[in-house]
Amino acid sequence: MNTVTKLTLKTEGDTHIIVTRRFAAPPEAVYRAHTDPKLIQKWLLGPEGWTMPVCINDARPGGKFRYEWSHPKQGSFHITGEFIELKPYSKIVHVERMHLPDPTPDNHVETRFAPDGEGTLMTMRMTLPDEQTRKMMLSTGMEHGMEASYARLETVI
Amino acid sequence: MQSSFDLNASFAALADPTRRAILARLAMGEATVNELAKPFEMTQPAISQHLKVLEEAGLITQRVDGTKRPRRLAKAGIEAMDQWLGMLRKALEKNYDRLDEVLAAMEPNKSGFTKKEKKR
């Protein structure tokens, strides 16, 4: 079970990151969990201790979203973004930026859901943030519980 | 954290096999350009070019020792890249473990998967 659902994270060239993950539910369910605010609020929380008090989205092409996270000790921050393409139940394309509080450069994210037996193979392609953005992300406290050993660069070293 | 470190430049620098081999050699300890050039059967200028790319990416540093400029790994650069990717991986793993539970809770109500798609 664990090997089946294990997450992979690879760099693509020097500008993108590709993440894959399998889920034991059909693409319809996984897609809905990515677009329904009530469901998003239950899982898109990052490290332990963070909650998402605000989760607003307008899941249609051109629609905007705003997600706010809060942590009892680390404070809070939010992202805003726009949906570019929504193809039920196979594809979501959106851009997002973090407000820390100044907005970071746009991260372009493409998420695909493909049937995989009884379940779903999700493939997410996202932009590698620049150095400044990466630093700010670390400084939000999202690194809580981070272990550098998780990040062996299998693809390059 | 090192301010000159650039994640994108680091990945570009690591894309080249010779540069990865140079990093592997430097992982064993400091080395001069001459020492680095030998095993690769490359000219000094060619090696110097690779070193320049690695240096600009924040992956190696040099110090002055008389006429020599020994290079060594810049630990901060490598670790900063690992640290950010580690943070991302950890956050995503947490997210998707939680999503597994959300999906499991949705499972009994199969019809629910499709009914709620609102066209607004």
# chains A, B, ... in the order shown; residues from 1 in each chain; ligands from 1
>>> select_by_dssp(residues="range 4-84 of chain B", states="strand (DSSP E)", output="list in words")
Ile60, Thr61, Gln62, Arg71, Arg72 and Leu73 of chain B
>>> write_last_selection(atoms="N, CA and C atoms", output="PDB file, in the first residue's frame")
ATOM      1  N   ILE B  60      30.100  25.626  -5.151  1.00  0.00           N
ATOM      2  CA  ILE B  60      31.488  25.492  -4.689  1.00  0.00           C
ATOM      3  C   ILE B  60      32.050  26.874  -4.352  1.00  0.00           C
ATOM      4  N   THR B  61      33.119  26.877  -3.597  1.00  0.00           N
ATOM      5  CA  THR B  61      33.810  28.140  -3.287  1.00  0.00           C
ATOM      6  C   THR B  61      35.302  27.934  -3.517  1.00  0.00           C
ATOM      7  N   GLN B  62      36.037  29.034  -3.635  1.00  0.00           N
ATOM      8  CA  GLN B  62      37.487  28.926  -3.771  1.00  0.00           C
ATOM      9  C   GLN B  62      38.154  29.776  -2.702  1.00  0.00           C
ATOM     10  N   ARG B  71      39.505  24.648  -4.756  1.00  0.00           N
ATOM     11  CA  ARG B  71      38.041  24.710  -4.690  1.00  0.00           C
ATOM     12  C   ARG B  71      37.533  23.715  -3.662  1.00  0.00           C
ATOM     13  N   ARG B  72      36.429  24.049  -3.082  1.00  0.00           N
ATOM     14  CA  ARG B  72      35.783  23.106  -2.160  1.00  0.00           C
ATOM     15  C   ARG B  72      34.261  23.236  -2.276  1.00  0.00           C
ATOM     16  N   LEU B  73      33.568  22.236  -1.773  1.00  0.00           N
ATOM     17  CA  LEU B  73      32.098  22.274  -1.812  1.00  0.00           C
ATOM     18  C   LEU B  73      31.575  23.383  -0.912  1.00  0.00           C
TER      19      LEU B  73
END
>>> residues_around(residues="Ala24 in chain A", least_positions_apart="3", cutoff="8 Å", atoms="only C-alpha atoms", output="ChimeraX atom specification")
/A:118-120 /B:100,103
>>> select_by_dssp(residues="range 33-154 of chain A", states="helix (DSSP H, G or I)", output="list of chain:residue names")
A:Ala33, A:His34, A:Thr35, A:Pro37, A:Lys38, A:Leu39, A:Ile40, A:Gln41, A:Lys42, A:Trp43, A:Glu131, A:Gln132, A:Thr133, A:Arg134, A:Lys135, A:Met136, A:Met137, A:Leu138, A:Ser139, A:Thr140, A:Gly141, A:Met142, A:Ala148, A:Ser149, A:Tyr150, A:Ala151
>>> atom_distance(atom1="CA of Met87 in chain B", atom2="CA of Lys52 in chain B")
28.7 Å
>>> closest_residue(among="A:Met137, A:Leu128, A:Leu44, A:Met52", to="Ser10 in chain B", atoms="only C-alpha atoms")
A:Leu128
>>> residues_around(residues="range 31-33 of chain B", least_positions_apart="3", cutoff="12 Å", atoms="only C-alpha atoms", output="PDB file with C-alpha atoms, in the first residue's frame")
ATOM      1  CA  ILE B  22      33.710  17.474 -10.154  1.00  0.00           C
ATOM      2  CA  LEU B  23      31.320  17.785  -7.215  1.00  0.00           C
ATOM      3  CA  ALA B  24      31.826  14.104  -6.395  1.00  0.00           C
ATOM      4  CA  ARG B  25      35.616  14.666  -6.394  1.00  0.00           C
ATOM      5  CA  LEU B  26      35.281  17.755  -4.214  1.00  0.00           C
ATOM      6  CA  ALA B  27      33.090  15.823  -1.796  1.00  0.00           C
ATOM      7  CA  MET B  28      36.287  13.928  -0.897  1.00  0.00           C
ATOM      8  CA  LEU B  36      40.593  18.400 -10.984  1.00  0.00           C
ATOM      9  CA  ALA B  37      41.650  18.486 -14.649  1.00  0.00           C
ATOM     10  CA  LYS B  38      43.721  15.264 -14.497  1.00  0.00           C
ATOM     11  CA  PRO B  39      41.070  12.539 -14.174  1.00  0.00           C
ATOM     12  CA  PHE B  40      38.810  14.208 -16.724  1.00  0.00           C
ATOM     13  CA  MET B  42      40.247  18.015 -20.082  1.00  0.00           C
ATOM     14  CA  THR B  43      42.154  21.237 -20.587  1.00  0.00           C
ATOM     15  CA  GLN B  44      42.469  23.631 -17.695  1.00  0.00           C
ATOM     16  CA  PRO B  45      40.323  26.314 -19.373  1.00  0.00           C
ATOM     17  CA  ALA B  46      37.558  23.746 -19.946  1.00  0.00           C
ATOM     18  CA  ILE B  47      37.660  22.724 -16.295  1.00  0.00           C
ATOM     19  CA  SER B  48      37.799  26.369 -15.229  1.00  0.00           C
ATOM     20  CA  GLN B  49      34.643  27.033 -17.202  1.00  0.00           C
ATOM     21  CA  HIS B  50      32.826  24.239 -15.369  1.00  0.00           C
ATOM     22  CA  LEU B  51      34.134  25.543 -12.055  1.00  0.00           C
ATOM     23  CA  LYS B  52      32.845  28.986 -12.882  1.00  0.00           C
ATOM     24  CA  ILE B  60      31.488  25.492  -4.689  1.00  0.00           C
ATOM     25  CA  THR B  61      33.810  28.140  -3.287  1.00  0.00           C
ATOM     26  CA  GLN B  62      37.487  28.926  -3.771  1.00  0.00           C
ATOM     27  CA  ARG B  63      40.168  30.263  -1.473  1.00  0.00           C
ATOM     28  CA  VAL B  64      43.534  31.830  -2.275  1.00  0.00           C
ATOM     29  CA  ASP B  65      46.633  29.828  -1.339  1.00  0.00           C
ATOM     30  CA  GLY B  66      49.644  31.601  -2.883  1.00  0.00           C
ATOM     31  CA  THR B  67      49.229  31.157  -6.623  1.00  0.00           C
ATOM     32  CA  LYS B  68      46.714  28.349  -6.156  1.00  0.00           C
ATOM     33  CA  ARG B  69      42.965  28.631  -5.875  1.00  0.00           C
ATOM     34  CA  PRO B  70      41.754  25.403  -4.297  1.00  0.00           C
ATOM     35  CA  ARG B  71      38.041  24.710  -4.690  1.00  0.00           C
ATOM     36  CA  ARG B  72      35.783  23.106  -2.160  1.00  0.00           C
ATOM     37  CA  LEU B  73      32.098  22.274  -1.812  1.00  0.00           C
TER      38      LEU B  73
END
>>> closest_residue(among="B:Gln83, B:Arg89, B:Ala12, B:Glu55", to="Leu9 in chain A", atoms="only C-alpha atoms")
B:Arg89
>>> decode(residues="range 15-61 of chain B", atoms="N, CA and C atoms", output="tab-separated table (two decimals), in the first residue's frame")
chain	number	residue	atom	x	y	z
B	15	ALA	N	23.11	19.65	-14.06
B	15	ALA	CA	22.63	18.90	-15.23
B	15	ALA	C	23.78	18.30	-16.02
B	16	ASP	N	24.99	18.81	-15.86
B	16	ASP	CA	26.13	18.36	-16.65
B	16	ASP	C	26.91	17.26	-15.93
B	17	PRO	N	27.17	16.12	-16.62
B	17	PRO	CA	27.85	15.00	-15.95
B	17	PRO	C	29.27	15.34	-15.46
B	18	THR	N	30.00	16.16	-16.24
B	18	THR	CA	31.35	16.52	-15.80
B	18	THR	C	31.28	17.31	-14.50
B	19	ARG	N	30.30	18.22	-14.43
B	19	ARG	CA	30.18	19.03	-13.21
B	19	ARG	C	29.76	18.18	-12.02
B	20	ARG	N	28.93	17.17	-12.26
B	20	ARG	CA	28.55	16.29	-11.16
B	20	ARG	C	29.78	15.50	-10.69
B	21	ALA	N	30.64	15.09	-11.68
B	21	ALA	CA	31.86	14.36	-11.32
B	21	ALA	C	32.80	15.26	-10.52
B	22	ILE	N	32.87	16.52	-10.90
B	22	ILE	CA	33.71	17.47	-10.15
B	22	ILE	C	33.21	17.59	-8.72
B	23	LEU	N	31.89	17.69	-8.56
B	23	LEU	CA	31.32	17.79	-7.22
B	23	LEU	C	31.62	16.52	-6.40
B	24	ALA	N	31.54	15.37	-7.08
B	24	ALA	CA	31.83	14.10	-6.39
B	24	ALA	C	33.28	14.09	-5.93
B	25	ARG	N	34.19	14.59	-6.78
B	25	ARG	CA	35.62	14.67	-6.39
B	25	ARG	C	35.80	15.62	-5.22
B	26	LEU	N	35.12	16.76	-5.28
B	26	LEU	CA	35.28	17.75	-4.21
B	26	LEU	C	34.64	17.29	-2.90
B	27	ALA	N	33.70	16.36	-3.01
B	27	ALA	CA	33.09	15.82	-1.80
B	27	ALA	C	34.13	15.08	-0.96
B	28	MET	N	35.22	14.64	-1.62
B	28	MET	CA	36.29	13.93	-0.90
B	28	MET	C	37.30	14.91	-0.31
B	29	GLY	N	37.22	16.16	-0.73
B	29	GLY	CA	38.14	17.16	-0.18
B	29	GLY	C	38.51	18.21	-1.21
B	30	GLU	N	39.13	19.26	-0.71
B	30	GLU	CA	39.57	20.38	-1.52
B	30	GLU	C	40.48	19.93	-2.67
B	31	ALA	N	40.43	20.62	-3.81
B	31	ALA	CA	41.32	20.28	-4.93
B	31	ALA	C	41.60	21.51	-5.78
B	32	THR	N	42.80	21.53	-6.40
B	32	THR	CA	43.15	22.64	-7.29
B	32	THR	C	42.63	22.34	-8.69
B	33	VAL	N	42.70	23.34	-9.56
B	33	VAL	CA	42.24	23.15	-10.94
B	33	VAL	C	43.03	22.03	-11.62
B	34	ASN	N	44.36	22.03	-11.39
B	34	ASN	CA	45.20	20.97	-11.96
B	34	ASN	C	44.76	19.59	-11.52
B	35	GLU	N	44.53	19.47	-10.23
B	35	GLU	CA	44.13	18.18	-9.68
B	35	GLU	C	42.77	17.74	-10.24
B	36	LEU	N	41.92	18.72	-10.46
B	36	LEU	CA	40.59	18.40	-10.98
B	36	LEU	C	40.66	18.05	-12.46
B	37	ALA	N	41.57	18.69	-13.20
B	37	ALA	CA	41.65	18.49	-14.65
B	37	ALA	C	42.14	17.08	-14.98
B	38	LYS	N	43.08	16.55	-14.19
B	38	LYS	CA	43.72	15.26	-14.50
B	38	LYS	C	42.76	14.13	-14.83
B	39	PRO	N	41.90	13.72	-13.89
B	39	PRO	CA	41.07	12.54	-14.17
B	39	PRO	C	40.10	12.74	-15.33
B	40	PHE	N	39.81	13.97	-15.68
B	40	PHE	CA	38.81	14.21	-16.72
B	40	PHE	C	39.41	14.34	-18.12
B	41	GLU	N	40.75	14.32	-18.21
B	41	GLU	CA	41.41	14.49	-19.51
B	41	GLU	C	40.86	15.70	-20.22
B	42	MET	N	40.73	16.77	-19.49
B	42	MET	CA	40.25	18.01	-20.08
B	42	MET	C	41.30	19.10	-19.88
B	43	THR	N	41.23	20.12	-20.73
B	43	THR	CA	42.15	21.24	-20.59
B	43	THR	C	41.78	22.05	-19.35
B	44	GLN	N	42.74	22.78	-18.86
B	44	GLN	CA	42.47	23.63	-17.69
B	44	GLN	C	41.36	24.65	-17.94
B	45	PRO	N	41.40	25.34	-19.13
B	45	PRO	CA	40.32	26.31	-19.37
B	45	PRO	C	38.93	25.66	-19.38
B	46	ALA	N	38.86	24.43	-19.91
B	46	ALA	CA	37.56	23.75	-19.95
B	46	ALA	C	37.08	23.47	-18.53
B	47	ILE	N	38.01	22.99	-17.69
B	47	ILE	CA	37.66	22.72	-16.29
B	47	ILE	C	37.28	24.03	-15.59
B	48	SER	N	38.07	25.08	-15.86
B	48	SER	CA	37.80	26.37	-15.23
B	48	SER	C	36.40	26.87	-15.56
B	49	GLN	N	35.98	26.62	-16.79
B	49	GLN	CA	34.64	27.03	-17.20
B	49	GLN	C	33.58	26.32	-16.37
B	50	HIS	N	33.77	25.01	-16.20
B	50	HIS	CA	32.83	24.24	-15.37
B	50	HIS	C	32.83	24.75	-13.92
B	51	LEU	N	34.02	25.06	-13.43
B	51	LEU	CA	34.13	25.54	-12.06
B	51	LEU	C	33.41	26.87	-11.88
B	52	LYS	N	33.50	27.68	-12.94
B	52	LYS	CA	32.85	28.99	-12.88
B	52	LYS	C	31.32	28.81	-12.76
B	53	VAL	N	30.78	27.88	-13.55
B	53	VAL	CA	29.34	27.62	-13.49
B	53	VAL	C	28.93	27.14	-12.09
B	54	LEU	N	29.74	26.22	-11.55
B	54	LEU	CA	29.44	25.68	-10.22
B	54	LEU	C	29.51	26.76	-9.15
B	55	GLU	N	30.49	27.65	-9.34
B	55	GLU	CA	30.67	28.72	-8.37
B	55	GLU	C	29.51	29.71	-8.41
B	56	GLU	N	29.10	30.06	-9.64
B	56	GLU	CA	28.00	31.01	-9.78
B	56	GLU	C	26.69	30.43	-9.25
B	57	ALA	N	26.60	29.11	-9.28
B	57	ALA	CA	25.39	28.46	-8.75
B	57	ALA	C	25.45	28.34	-7.23
B	58	GLY	N	26.58	28.75	-6.65
B	58	GLY	CA	26.70	28.70	-5.19
B	58	GLY	C	27.04	27.32	-4.66
B	59	LEU	N	27.47	26.42	-5.56
B	59	LEU	CA	27.71	25.04	-5.13
B	59	LEU	C	29.14	24.82	-4.66
B	60	ILE	N	30.10	25.63	-5.15
B	60	ILE	CA	31.49	25.49	-4.69
B	60	ILE	C	32.05	26.87	-4.35
B	61	THR	N	33.12	26.88	-3.60
B	61	THR	CA	33.81	28.14	-3.29
B	61	THR	C	35.30	27.93	-3.52
